[in-house]
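Visitor: Input file: model_6.csv. Contents: CSV, C-alpha atoms (C1' of nucleotides).
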chain,number,residue,atom,x,y,z
V,22,MET,CA,-34.1,-26.6,-14.8
V,23,THR,CA,-32.6,-30.0,-14.7
V,24,VAL,CA,-29.5,-30.4,-12.6
V,25,ARG,CA,-26.2,-29.9,-14.3
V,26,LYS,CA,-23.5,-30.0,-11.6
V,27,ASP,CA,-21.4,-32.7,-13.3
V,28,GLU,CA,-20.8,-31.0,-16.6
V,29,THR,CA,-17.5,-29.4,-15.9
V,30,ASN,CA,-16.4,-32.0,-13.4
V,31,THR,CA,-15.3,-34.6,-16.0
V,32,ILE,CA,-13.8,-34.9,-19.4
V,33,CYS,CA,-15.7,-38.1,-20.0
V,34,PRO,CA,-17.5,-37.7,-23.3
V,35,ILE,CA,-20.3,-40.1,-22.3
V,36,ALA,CA,-21.0,-38.1,-19.2
V,37,ARG,CA,-21.0,-34.9,-21.1
V,38,SER,CA,-23.4,-36.3,-23.7
V,39,ALA,CA,-25.6,-37.7,-21.0
V,40,TRP,CA,-25.8,-34.4,-19.3
V,41,ARG,CA,-27.0,-32.7,-22.5
V,42,VAL,CA,-29.4,-35.2,-23.9
V,43,GLY,CA,-29.7,-37.9,-21.3
V,44,ASP,CA,-33.3,-37.6,-20.5
V,45,ARG,CA,-36.4,-39.3,-21.9
V,46,TRP,CA,-38.2,-36.2,-23.2
V,47,THR,CA,-35.1,-34.9,-25.0
V,48,ILE,CA,-34.6,-38.2,-26.7
V,49,LEU,CA,-38.2,-38.3,-27.9
V,50,ILE,CA,-38.0,-34.7,-29.1
V,51,VAL,CA,-34.8,-35.3,-31.1
V,52,ARG,CA,-36.4,-38.5,-32.6
V,53,GLU,CA,-39.3,-36.4,-33.9
V,54,LEU,CA,-37.0,-33.8,-35.3
V,55,PHE,CA,-35.2,-36.6,-37.2
V,56,MET,CA,-38.6,-37.7,-38.5
V,57,GLY,CA,-39.2,-34.3,-39.9
V,58,VAL,CA,-41.6,-33.0,-37.3
V,59,SER,CA,-40.6,-29.5,-36.4
V,60,ARG,CA,-43.6,-27.6,-35.0
V,61,PHE,CA,-44.5,-27.2,-31.4
V,62,ASP,CA,-48.0,-28.7,-31.4
V,63,GLU,CA,-46.9,-31.7,-33.5
V,64,LEU,CA,-43.9,-32.3,-31.3
V,65,GLN,CA,-46.3,-32.2,-28.3
V,66,ALA,CA,-48.8,-34.6,-29.9
V,67,GLN,CA,-46.1,-37.2,-30.9
V,68,THR,CA,-44.1,-37.1,-27.7
V,69,GLU,CA,-47.1,-36.7,-25.4
V,70,ALA,CA,-45.1,-34.3,-23.3
V,71,THR,CA,-46.8,-31.4,-21.5
V,72,PRO,CA,-46.3,-28.0,-23.1
V,73,GLN,CA,-44.0,-26.8,-20.3
V,74,MET,CA,-41.9,-29.9,-20.5
V,75,LEU,CA,-41.6,-29.4,-24.3
V,76,ALA,CA,-40.9,-25.7,-24.0
V,77,ALA,CA,-38.2,-26.3,-21.4
V,78,ARG,CA,-36.5,-29.0,-23.4
V,79,LEU,CA,-36.6,-27.0,-26.6
V,80,LYS,CA,-35.0,-24.1,-24.8
V,81,ARG,CA,-32.2,-26.2,-23.6
V,82,LEU,CA,-31.6,-28.0,-26.9
V,83,GLU,CA,-31.4,-24.6,-28.5
V,84,SER,CA,-29.0,-23.1,-25.9
V,85,ASP,CA,-26.9,-26.3,-26.1
V,86,GLY,CA,-26.7,-25.8,-29.9
V,87,LEU,CA,-28.5,-29.0,-31.1
V,88,ILE,CA,-31.5,-27.1,-32.6
V,89,GLU,CA,-32.4,-23.7,-33.8
V,90,ARG,CA,-35.7,-21.9,-33.7
V,91,ARG,CA,-36.9,-20.2,-36.9
V,92,ALA,CA,-40.0,-18.3,-37.8
V,93,TYR,CA,-41.8,-20.0,-40.6
V,94,SER,CA,-44.5,-17.4,-40.7
V,95,GLU,CA,-44.3,-13.7,-39.8
V,96,ARG,CA,-48.0,-13.0,-39.5
V,97,PRO,CA,-49.1,-14.7,-37.5
V,98,LEU,CA,-45.7,-15.2,-35.9
V,99,ARG,CA,-45.0,-18.9,-35.9
V,100,TYR,CA,-41.9,-20.9,-35.1
V,101,GLU,CA,-40.4,-24.2,-36.0
V,102,TYR,CA,-37.5,-26.1,-34.6
V,103,LEU,CA,-34.7,-27.5,-36.8
V,104,LEU,CA,-31.7,-29.6,-36.1
V,105,THR,CA,-28.3,-28.0,-36.5
V,106,GLU,CA,-25.2,-29.9,-37.6
V,107,MET,CA,-24.6,-30.7,-34.0
V,108,GLY,CA,-28.1,-32.1,-33.7
V,109,ARG,CA,-27.9,-34.0,-37.0
V,110,GLU,CA,-24.7,-35.7,-35.9
V,111,PHE,CA,-26.6,-37.2,-33.0
V,112,TYR,CA,-28.3,-39.6,-35.4
V,113,PRO,CA,-26.0,-42.5,-34.6
V,114,VAL,CA,-27.2,-42.4,-31.0
V,115,ILE,CA,-30.8,-42.5,-32.1
V,116,LEU,CA,-30.1,-45.4,-34.5
V,117,ALA,CA,-28.3,-47.3,-31.7
V,118,LEU,CA,-31.3,-46.8,-29.3
V,119,ARG,CA,-33.6,-48.0,-32.0
V,120,SER,CA,-31.7,-51.2,-32.7
V,121,TRP,CA,-31.5,-52.0,-29.0
V,122,GLY,CA,-35.1,-51.2,-28.5
V,123,GLU,CA,-36.2,-53.4,-31.5
V,124,ARG,CA,-34.1,-56.3,-30.1
V,125,TRP,CA,-34.8,-56.1,-26.4
V,126,CYS,CA,-38.0,-54.2,-25.8
V,127,LYS,CA,-40.5,-56.3,-27.8
V,128,LYS,CA,-43.6,-57.9,-26.2
V,129,GLY,CA,-44.9,-61.1,-27.6
V,130,LYS,CA,-44.6,-61.5,-31.4
V,131,GLU,CA,-44.3,-57.8,-32.2
V,132,LYS,CA,-42.6,-57.0,-35.5
V,133,LEU,CA,-40.1,-54.3,-36.2
V,134,ALA,CA,-41.6,-50.8,-36.0
V,135,VAL,CA,-39.0,-49.3,-38.3
V,136,HIS,CA,-37.3,-50.9,-41.3
V,137,MET,CA,-33.9,-49.9,-42.5
V,138,THR,CA,-32.7,-50.3,-46.1
V,139,HIS,CA,-29.3,-49.7,-47.6
V,140,ARG,CA,-29.5,-46.7,-50.0
V,141,GLY,CA,-28.4,-47.5,-53.5
V,142,CYS,CA,-28.0,-51.3,-52.9
V,143,GLY,CA,-31.6,-51.3,-51.6
V,144,GLY,CA,-31.0,-54.3,-49.3
V,145,GLU,CA,-32.5,-54.8,-46.0
V,146,VAL,CA,-30.3,-53.8,-43.1
V,147,GLY,CA,-30.3,-55.9,-39.9
V,148,LEU,CA,-30.2,-54.7,-36.3
V,149,ASP,CA,-26.5,-55.4,-36.3
V,150,ASN,CA,-26.3,-52.7,-39.0
V,151,VAL,CA,-25.1,-55.1,-41.7
V,152,CYS,CA,-26.8,-55.1,-45.1
V,153,LYS,CA,-28.4,-58.5,-45.8
V,154,THR,CA,-28.0,-58.1,-49.5
V,155,CYS,CA,-24.4,-56.8,-49.9
V,156,GLY,CA,-23.0,-57.9,-46.6
V,157,SER,CA,-21.4,-54.6,-45.7
V,158,GLY,CA,-21.7,-52.5,-42.5
V,159,VAL,CA,-23.9,-49.6,-43.4
V,160,PRO,CA,-23.0,-46.1,-42.1
V,161,PRO,CA,-25.8,-43.9,-40.8
V,162,ALA,CA,-25.9,-41.6,-43.9
V,163,SER,CA,-26.6,-44.6,-46.1
V,164,LEU,CA,-29.6,-45.8,-44.2
V,165,ALA,CA,-33.2,-45.1,-45.3
V,166,ALA,CA,-35.9,-45.6,-42.6
V,167,SER,CA,-39.5,-46.6,-43.2
V,168,LEU,CA,-42.3,-47.1,-40.7
V,169,SER,CA,-44.3,-50.3,-40.3
V,170,PRO,CA,-48.0,-49.9,-41.0
V,171,GLN,CA,-48.7,-50.4,-37.4
V,172,TYR,CA,-46.3,-47.7,-36.2
V,173,ALA,CA,-47.6,-45.4,-39.0
V,174,ARG,CA,-51.1,-45.8,-37.8
V,175,GLU,CA,-50.1,-45.2,-34.2
V,176,ARG,CA,-48.5,-41.9,-35.2
V,177,ALA,CA,-51.5,-40.9,-37.4
V,178,ARG,CA,-53.8,-41.5,-34.4
V,179,ARG,CA,-51.8,-39.0,-32.3
V,180,ALA,CA,-51.5,-36.3,-34.9
H,6,MET,CA,-39.7,-44.3,-8.9
H,7,THR,CA,-39.3,-42.6,-12.2
H,8,VAL,CA,-42.3,-42.1,-14.3
H,9,ARG,CA,-43.1,-44.8,-16.8
H,10,LYS,CA,-46.5,-44.0,-18.2
H,11,ASP,CA,-45.4,-44.2,-21.8
H,12,GLU,CA,-44.0,-47.6,-21.9
H,13,THR,CA,-46.9,-49.5,-23.2
H,14,ASN,CA,-48.3,-46.6,-25.2
H,15,THR,CA,-46.1,-47.0,-28.1
H,16,ILE,CA,-44.3,-49.5,-30.2
H,17,CYS,CA,-41.5,-47.0,-31.0
H,18,PRO,CA,-38.2,-48.7,-30.1
H,19,ILE,CA,-36.5,-45.4,-29.4
H,20,ALA,CA,-39.2,-44.5,-26.9
H,21,ARG,CA,-39.0,-47.9,-25.2
H,22,SER,CA,-35.2,-47.7,-25.0
H,23,ALA,CA,-35.5,-44.1,-23.6
H,24,TRP,CA,-37.9,-45.2,-21.0
H,25,ARG,CA,-35.6,-47.9,-19.7
H,26,VAL,CA,-32.2,-46.2,-19.9
H,27,GLY,CA,-32.9,-42.7,-20.8
H,28,ASP,CA,-31.6,-40.9,-17.8
H,29,ARG,CA,-28.3,-39.5,-16.8
H,30,TRP,CA,-27.4,-41.7,-13.9
H,31,THR,CA,-28.4,-44.9,-15.7
H,32,ILE,CA,-26.1,-44.0,-18.6
H,33,LEU,CA,-23.2,-43.3,-16.2
H,34,ILE,CA,-23.7,-46.6,-14.3
H,35,VAL,CA,-23.8,-48.6,-17.5
H,36,ARG,CA,-20.7,-46.8,-18.7
H,37,GLU,CA,-18.9,-48.0,-15.5
H,38,LEU,CA,-20.1,-51.5,-15.9
H,39,PHE,CA,-18.6,-51.5,-19.4
H,40,MET,CA,-15.3,-50.2,-17.9
H,41,GLY,CA,-15.3,-53.2,-15.6
H,42,VAL,CA,-16.4,-51.4,-12.4
H,43,SER,CA,-18.9,-53.7,-10.7
H,44,ARG,CA,-19.0,-52.9,-7.0
H,45,PHE,CA,-21.4,-50.5,-5.3
H,46,ASP,CA,-18.9,-48.2,-3.7
H,47,GLU,CA,-16.7,-47.9,-6.8
H,48,LEU,CA,-19.8,-47.2,-8.9
H,49,GLN,CA,-20.7,-44.5,-6.4
H,50,ALA,CA,-17.3,-43.0,-6.5
H,51,GLN,CA,-17.0,-42.9,-10.3
H,52,THR,CA,-20.5,-41.7,-11.1
H,53,GLU,CA,-20.7,-39.4,-8.1
H,54,ALA,CA,-24.3,-40.4,-7.6
H,55,THR,CA,-25.8,-40.5,-4.1
H,56,PRO,CA,-26.2,-44.0,-2.6
H,57,GLN,CA,-30.0,-44.0,-2.9
H,58,MET,CA,-29.8,-42.8,-6.5
H,59,LEU,CA,-27.4,-45.6,-7.3
H,60,ALA,CA,-29.4,-48.2,-5.4
H,61,ALA,CA,-32.6,-47.2,-7.1
H,62,ARG,CA,-31.1,-47.3,-10.6
H,63,LEU,CA,-29.4,-50.6,-10.0
H,64,LYS,CA,-32.7,-52.1,-8.9
H,65,ARG,CA,-34.3,-50.9,-12.0
H,66,LEU,CA,-31.6,-52.1,-14.3
H,67,GLU,CA,-31.8,-55.4,-12.6
H,68,SER,CA,-35.6,-55.7,-12.9
H,69,ASP,CA,-35.3,-54.6,-16.5
H,70,GLY,CA,-32.8,-57.3,-17.2
H,71,LEU,CA,-29.7,-55.3,-18.1
H,72,ILE,CA,-27.7,-56.3,-15.1
H,73,GLU,CA,-27.6,-59.1,-12.5
H,74,ARG,CA,-26.6,-58.9,-8.9
H,75,ARG,CA,-24.2,-61.6,-7.7
H,76,ALA,CA,-22.6,-62.3,-4.4
H,77,TYR,CA,-18.8,-62.2,-4.8
H,78,SER,CA,-18.3,-63.0,-1.1
H,79,GLU,CA,-20.5,-64.9,1.4
H,80,ARG,CA,-18.9,-63.8,4.6
H,81,PRO,CA,-19.1,-60.9,4.8
H,82,LEU,CA,-22.0,-60.9,2.3
H,83,ARG,CA,-21.0,-58.6,-0.6
H,84,TYR,CA,-22.5,-58.1,-4.0
H,85,GLU,CA,-21.4,-57.0,-7.4
H,86,TYR,CA,-23.3,-56.0,-10.5
H,87,LEU,CA,-22.7,-57.5,-13.9
H,88,LEU,CA,-24.1,-56.8,-17.3
H,89,THR,CA,-26.3,-59.5,-18.9
H,90,GLU,CA,-26.4,-60.1,-22.6
H,91,MET,CA,-29.1,-57.5,-22.8
H,92,GLY,CA,-26.9,-55.0,-21.0
H,93,ARG,CA,-23.8,-55.9,-23.1
H,94,GLU,CA,-25.7,-55.3,-26.3
H,95,PHE,CA,-26.3,-51.7,-25.2
H,96,TYR,CA,-22.6,-51.0,-26.0
H,97,PRO,CA,-23.3,-49.4,-29.4
H,98,VAL,CA,-25.4,-46.7,-27.7
H,99,ILE,CA,-22.6,-46.0,-25.3
H,100,LEU,CA,-20.1,-45.8,-28.2
H,101,ALA,CA,-22.3,-43.5,-30.1
H,102,LEU,CA,-22.7,-41.2,-27.1
H,103,ARG,CA,-18.9,-41.2,-26.7
H,104,SER,CA,-18.3,-40.3,-30.3
H,105,TRP,CA,-20.8,-37.5,-30.2
H,106,GLY,CA,-19.4,-36.2,-26.9
H,107,GLU,CA,-15.8,-36.2,-28.1
H,108,ARG,CA,-16.9,-34.3,-31.2
H,109,TRP,CA,-19.3,-31.8,-29.7
H,110,CYS,CA,-18.7,-31.4,-26.0
H,111,LYS,CA,-15.0,-30.3,-25.9
H,112,LYS,CA,-13.9,-27.0,-24.3
H,113,GLY,CA,-10.9,-25.3,-25.8
H,114,LYS,CA,-8.1,-27.5,-27.0
H,115,GLU,CA,-9.1,-30.6,-25.1
H,116,LYS,CA,-7.9,-33.9,-26.6
H,117,LEU,CA,-9.8,-37.2,-26.8
H,118,ALA,CA,-10.5,-38.8,-23.5
H,119,VAL,CA,-10.9,-42.3,-24.9
H,120,HIS,CA,-9.0,-43.7,-27.9
H,121,MET,CA,-10.3,-46.5,-30.0
H,122,THR,CA,-8.2,-49.0,-31.9
H,123,HIS,CA,-9.1,-51.7,-34.4
H,124,ARG,CA,-8.4,-55.1,-32.8
H,125,GLY,CA,-6.1,-57.1,-35.0
H,126,CYS,CA,-5.3,-54.4,-37.5
H,127,GLY,CA,-4.3,-52.2,-34.6
H,128,GLY,CA,-5.2,-49.0,-36.5
H,129,GLU,CA,-6.6,-45.9,-34.9
H,130,VAL,CA,-10.4,-45.6,-35.3
H,131,GLY,CA,-11.9,-42.2,-35.9
H,132,LEU,CA,-15.1,-40.7,-34.4
H,133,ASP,CA,-16.9,-41.7,-37.6
H,134,ASN,CA,-16.0,-45.3,-36.6
H,135,VAL,CA,-13.7,-45.8,-39.6
H,136,CYS,CA,-10.3,-47.4,-39.1
H,137,LYS,CA,-7.6,-44.9,-40.2
H,138,THR,CA,-5.2,-47.7,-41.1
H,139,CYS,CA,-7.4,-50.2,-43.0
H,140,GLY,CA,-10.2,-47.9,-44.0
H,141,SER,CA,-13.0,-50.2,-42.9
H,142,GLY,CA,-16.0,-49.5,-40.7
H,143,VAL,CA,-15.3,-51.1,-37.4
H,144,PRO,CA,-18.1,-53.0,-35.6
H,145,PRO,CA,-18.3,-52.5,-31.8
H,146,ALA,CA,-16.9,-56.0,-31.0
H,147,SER,CA,-13.7,-55.1,-32.8
H,148,LEU,CA,-13.0,-52.0,-30.9
H,149,ALA,CA,-10.4,-51.7,-28.1
H,150,ALA,CA,-10.7,-48.7,-25.9
H,151,SER,CA,-8.0,-47.0,-23.9
H,152,LEU,CA,-8.1,-43.9,-21.6
H,153,SER,CA,-6.0,-40.8,-22.1
H,154,PRO,CA,-3.6,-40.1,-19.3
H,155,GLN,CA,-5.7,-37.1,-18.2
H,156,TYR,CA,-8.9,-39.2,-18.0
H,157,ALA,CA,-7.1,-42.0,-16.2
H,158,ARG,CA,-5.8,-39.5,-13.6
H,159,GLU,CA,-9.3,-38.1,-13.2
H,160,ARG,CA,-10.7,-41.6,-12.5
H,161,ALA,CA,-7.8,-42.4,-10.1
H,162,ARG,CA,-8.5,-39.3,-8.1
H,163,ARG,CA,-12.1,-40.3,-7.6
H,164,ALA,CA,-11.4,-44.0,-6.7
Q,6,DC,C1',-67.6,-10.5,-33.8
Q,7,DT,C1',-67.3,-15.3,-32.7
Q,8,DT,C1',-64.6,-19.2,-33.3
Q,9,DA,C1',-60.2,-21.4,-34.5
Q,10,DT,C1',-55.2,-22.0,-34.6
Q,11,DA,C1',-50.4,-22.1,-33.0
Q,12,DA,C1',-47.3,-21.5,-29.6
Q,13,DC,C1',-46.7,-21.1,-25.7
Q,14,DT,C1',-47.2,-19.6,-19.9
Q,15,DA,C1',-49.4,-20.1,-15.1
Q,16,DT,C1',-50.7,-22.7,-11.1
Q,17,DG,C1',-50.9,-25.9,-7.4
Q,18,DA,C1',-50.5,-30.8,-6.3
Q,19,DT,C1',-47.4,-34.8,-6.6
Q,20,DA,C1',-43.1,-37.1,-7.2
Q,21,DT,C1',-38.2,-37.1,-7.5
Q,22,DT,C1',-33.6,-35.9,-6.2
Q,23,DC,C1',-30.2,-34.0,-3.1
Q,24,DA,C1',-27.1,-33.6,0.9
Q,25,DT,C1',-26.2,-35.6,5.0
Q,26,DA,C1',-26.3,-39.0,8.4
Q,27,DG,C1',-27.0,-43.6,10.1
Q,28,DT,C1',-27.4,-49.0,9.9
Q,29,DT,C1',-25.8,-53.8,9.6
Q,30,DA,C1',-22.8,-57.5,9.5
Q,31,DT,C1',-18.7,-58.8,9.3
Q,32,DT,C1',-13.2,-58.6,9.5
Q,33,DT,C1',-8.8,-56.7,11.0
Q,34,DG,C1',-5.5,-54.7,14.2
Q,35,DC,C1',-3.9,-54.6,18.7
R,8,DG,C1',-11.9,-59.3,23.5
R,9,DC,C1',-12.6,-54.6,22.0
R,10,DA,C1',-12.2,-50.5,18.7
R,11,DA,C1',-11.9,-49.2,14.2
R,12,DA,C1',-12.6,-50.3,9.4
R,13,DT,C1',-15.1,-51.9,5.3
R,14,DA,C1',-18.9,-52.6,2.0
R,15,DA,C1',-23.4,-52.1,0.9
R,16,DC,C1',-26.7,-50.1,1.6
R,17,DT,C1',-31.3,-47.3,4.1
R,18,DA,C1',-33.5,-43.0,6.4
R,19,DT,C1',-34.8,-38.2,6.6
R,20,DG,C1',-36.3,-33.7,5.4
R,21,DA,C1',-35.5,-29.9,2.3
R,22,DA,C1',-34.9,-28.4,-2.5
R,23,DT,C1',-36.3,-29.3,-7.4
R,24,DA,C1',-38.7,-31.1,-11.1
R,25,DT,C1',-42.8,-32.9,-13.3
R,26,DC,C1',-47.7,-33.4,-13.9
R,27,DA,C1',-52.6,-32.3,-15.2
R,28,DT,C1',-55.3,-28.7,-16.2
R,29,DA,C1',-56.4,-24.2,-17.5
R,30,DG,C1',-55.3,-19.8,-19.5
R,31,DT,C1',-52.9,-16.2,-22.6
R,32,DT,C1',-51.6,-13.8,-27.0
R,33,DA,C1',-51.8,-12.6,-31.6
R,34,DT,C1',-53.8,-13.3,-35.8
R,35,DA,C1',-56.9,-15.2,-39.3
R,36,DA,C1',-61.1,-17.2,-41.1
R,37,DG,C1',-66.1,-17.5,-41.4
Written as structure tokens, that's how I'd like the structure from this file.

Guide:
Amino acid sequence: MTVRKDETNTICPIARSAWRVGDRWTILIVRELFMGVSRFDELQAQTEATPQMLAARLKRLESDGLIERRAYSERPLRYEYLLTEMGREFYPVILALRSWGERWCKKGKEKLAVHMTHRGCGGEVGLDNVCKTCGSGVPPASLAASLSPQYARERARRA
Amino acid sequence: MTVRKDETNTICPIARSAWRVGDRWTILIVRELFMGVSRFDELQAQTEATPQMLAARLKRLESDGLIERRAYSERPLRYEYLLTEMGREFYPVILALRSWGERWCKKGKEKLAVHMTHRGCGGEVGLDNVCKTCGSGVPPASLAASLSPQYARERARRA
DNA sequence: CTTATAACTATGATATTCATAGTTATTTGC
DNA sequence: GCAAATAACTATGAATATCATAGTTATAAG
């Protein structure tokens, strides 16, 4: 599997995080789990990873403790993958990647693919994480995400 | 170079971010740039990447617009690498990886490797990004980082 | 009893990464 | 003026990882 020589070499928390989840497929898989997708074939469809790539990454995420595999059906035997607390606490990283991507990876006049609103207050939250209605910085747990119609269509096409 | 087939396939900002910076070495290099390390050999020493790995990643970061290469000496000709605005705005991702790593990647009784304080107020900032003195959520620009003695020694050893 | 579904595994070609060594253009010490 | 040092890389061949494509297993549904 992927190289891991660095892991015990350093106490740097960024290096340690990077060695666990710092690859493209892992990030996409975790994104899907946050979107509520939990089954192998849907994960494969939405990430467009090959089945071995996906299987390998899921095994590592599980052995690292970010996800757990659970049977959702006994006959036939079928599994789903769910975030553990460790995995759920990765959300701020996903949010930060999303904000950066929305700000810096647009082509032409593209609009936001994901909109964030402040739970309760209901206001729109900007890419700087500040609520445009109440003016406060919004913590991850108070964010509600919704997909743009274009992004929703893109996902439906892959499903 | 690294695969990039997905880049135009999706409008997902997380996928696009992941395809630009979603690999271990890139994250470590960007970490170093945020720590003020800007020269090739120091980047190599602190990241422990091979020179080709580092050269390849720097080229991509430059062509992606996160960094720029600048001569700091004409004779002999020597270059350094600096974050652009696009690169500097990646800071929240680095911060989020740091918090997650400090929370979930410790072994035994290890202490924090990096401490954060709230500029001005001077209070200690927790892993949830909330200032322990004034109680407010602290935005990235108001954070001041300092290394633990252990982490500082580790870095000095590599230099 | 044929087809479908979900969750994978197998295989061989291609691409990336690693460890190690070497290059280039100066400058510094003697 | 010559040898060693410095910084920023490049070259090479072996080890690994990834890709596209196809196949397997166990059960259910028609």

Visitor: Name the residues in contact with V:Leu104 at a cut-off of 8 Å, using all atoms listed in the file, excluding same-chain residues fewer than 6 positions from it; report them as a list in words.

Guide: Leu54, Phe55, Leu87, Ile88 and Glu89 of chain V

Visitor: Within 6 Å of chain V, which residues of chain H show up? Give each one with its shortest atom-to-atom distance in Å (one decimal) and the two atoms involved, counting all atoms listed in the file, rows by chain then rising residue number, as JSON lines.

Guide:
{"residue": "H:Pro18", "atom": "CA", "partner": "V:Gly122", "partner_atom": "CA", "distance": 4.3}
{"residue": "H:Ile19", "atom": "CA", "partner": "V:Arg119", "partner_atom": "CA", "distance": 4.7}
{"residue": "H:Ser22", "atom": "CA", "partner": "V:Gly122", "partner_atom": "CA", "distance": 5.0}
{"residue": "H:Ala23", "atom": "CA", "partner": "V:Arg45", "partner_atom": "CA", "distance": 5.2}
{"residue": "H:Gly27", "atom": "CA", "partner": "V:Arg45", "partner_atom": "CA", "distance": 5.0}
{"residue": "H:Asp28", "atom": "CA", "partner": "V:Asp44", "partner_atom": "CA", "distance": 4.6}
{"residue": "H:Arg29", "atom": "CA", "partner": "V:Gly43", "partner_atom": "CA", "distance": 5.0}
{"residue": "H:Pro97", "atom": "CA", "partner": "V:Ala117", "partner_atom": "CA", "distance": 5.9}
{"residue": "H:Val98", "atom": "CA", "partner": "V:Ala117", "partner_atom": "CA", "distance": 5.0}
{"residue": "H:Ala101", "atom": "CA", "partner": "V:Val114", "partner_atom": "CA", "distance": 5.1}
{"residue": "H:Leu102", "atom": "CA", "partner": "V:Ile35", "partner_atom": "CA", "distance": 5.5}
{"residue": "H:Arg103", "atom": "CA", "partner": "V:Ile35", "partner_atom": "CA", "distance": 4.7}
{"residue": "H:Gly106", "atom": "CA", "partner": "V:Pro34", "partner_atom": "CA", "distance": 4.3}
{"residue": "H:Glu107", "atom": "CA", "partner": "V:Pro34", "partner_atom": "CA", "distance": 5.3}

Visitor: Generate a file of the selected residues that holds C-alpha atoms, formatted as a compact mmCIF listing (two decimals), keeping the file's coordinate frame.

Guide:
# COMPACT_ATOMS: atom_id res chain seq x y z
CA PRO H 18 -38.20 -48.70 -30.10
CA ILE H 19 -36.50 -45.40 -29.40
CA SER H 22 -35.20 -47.70 -25.00
CA ALA H 23 -35.50 -44.10 -23.60
CA GLY H 27 -32.90 -42.70 -20.80
CA ASP H 28 -31.60 -40.90 -17.80
CA ARG H 29 -28.30 -39.50 -16.80
CA PRO H 97 -23.30 -49.40 -29.40
CA VAL H 98 -25.40 -46.70 -27.70
CA ALA H 101 -22.30 -43.50 -30.10
CA LEU H 102 -22.70 -41.20 -27.10
CA ARG H 103 -18.90 -41.20 -26.70
CA GLY H 106 -19.40 -36.20 -26.90
CA GLU H 107 -15.80 -36.20 -28.10

Visitor: Just to confirm, what's the straight-line distance from atom CA of V:Gly57 to atom CA of H:Gly131 in Å (one decimal)?

Guide: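 So the two atoms, atom CA of V:Gly57 and atom CA of H:Gly131, lie 28.7 Å apart.
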
Visitor: For Q:DA30, list every protein, DNA or RNA residue within 10 Å, evaluated using all atoms listed in the file, and leave out those in the same chain fewer than 2 positions away; present the list as a ChimeraX atom specification.

Guide: /H:80-82 /Q:28,32 /R:14

Visitor: Take the residues that were just selected and, keeping C-alpha atoms (C1' of nucleotides), output them as an mmCIF file, in the coordinates of the input.

Guide:
data_model
loop_
_atom_site.group_PDB
_atom_site.id
_atom_site.type_symbol
_atom_site.label_atom_id
_atom_site.label_comp_id
_atom_site.auth_asym_id
_atom_site.auth_seq_id
_atom_site.Cartn_x
_atom_site.Cartn_y
_atom_site.Cartn_z
ATOM 1 C CA ARG H 80 -18.900 -63.800 4.600
ATOM 2 C CA PRO H 81 -19.100 -60.900 4.800
ATOM 3 C CA LEU H 82 -22.000 -60.900 2.300
ATOM 4 C "C1'" DT Q 28 -27.400 -49.000 9.900
ATOM 5 C "C1'" DT Q 32 -13.200 -58.600 9.500
ATOM 6 C "C1'" DA R 14 -18.900 -52.600 2.000
#

Visitor: Up to 9 Å from chain Q, what residues of chain V turn up? Count all atoms listed in the file and give them as a list in words.

Guide: Arg60, Phe61, Asp62, Pro72, Gln73, Ala76, Pro97, Leu98, Arg99 and Tyr100 of chain V

Visitor: Pick out the chain R residues within 9 Å of chain V. Count all atoms listed in the file. Give them as a list in words.

Guide: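 Contact residues on the first chain: DT23, DA24, DT25, DC26, DA27, DA33, DT34 and DA35 of chain R.
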
Visitor: Could you state the separation of atom CA of V:Tyr102 and atom CA of V:Arg179 in Å, given to one decimal place?

Guide: 19.4 Å
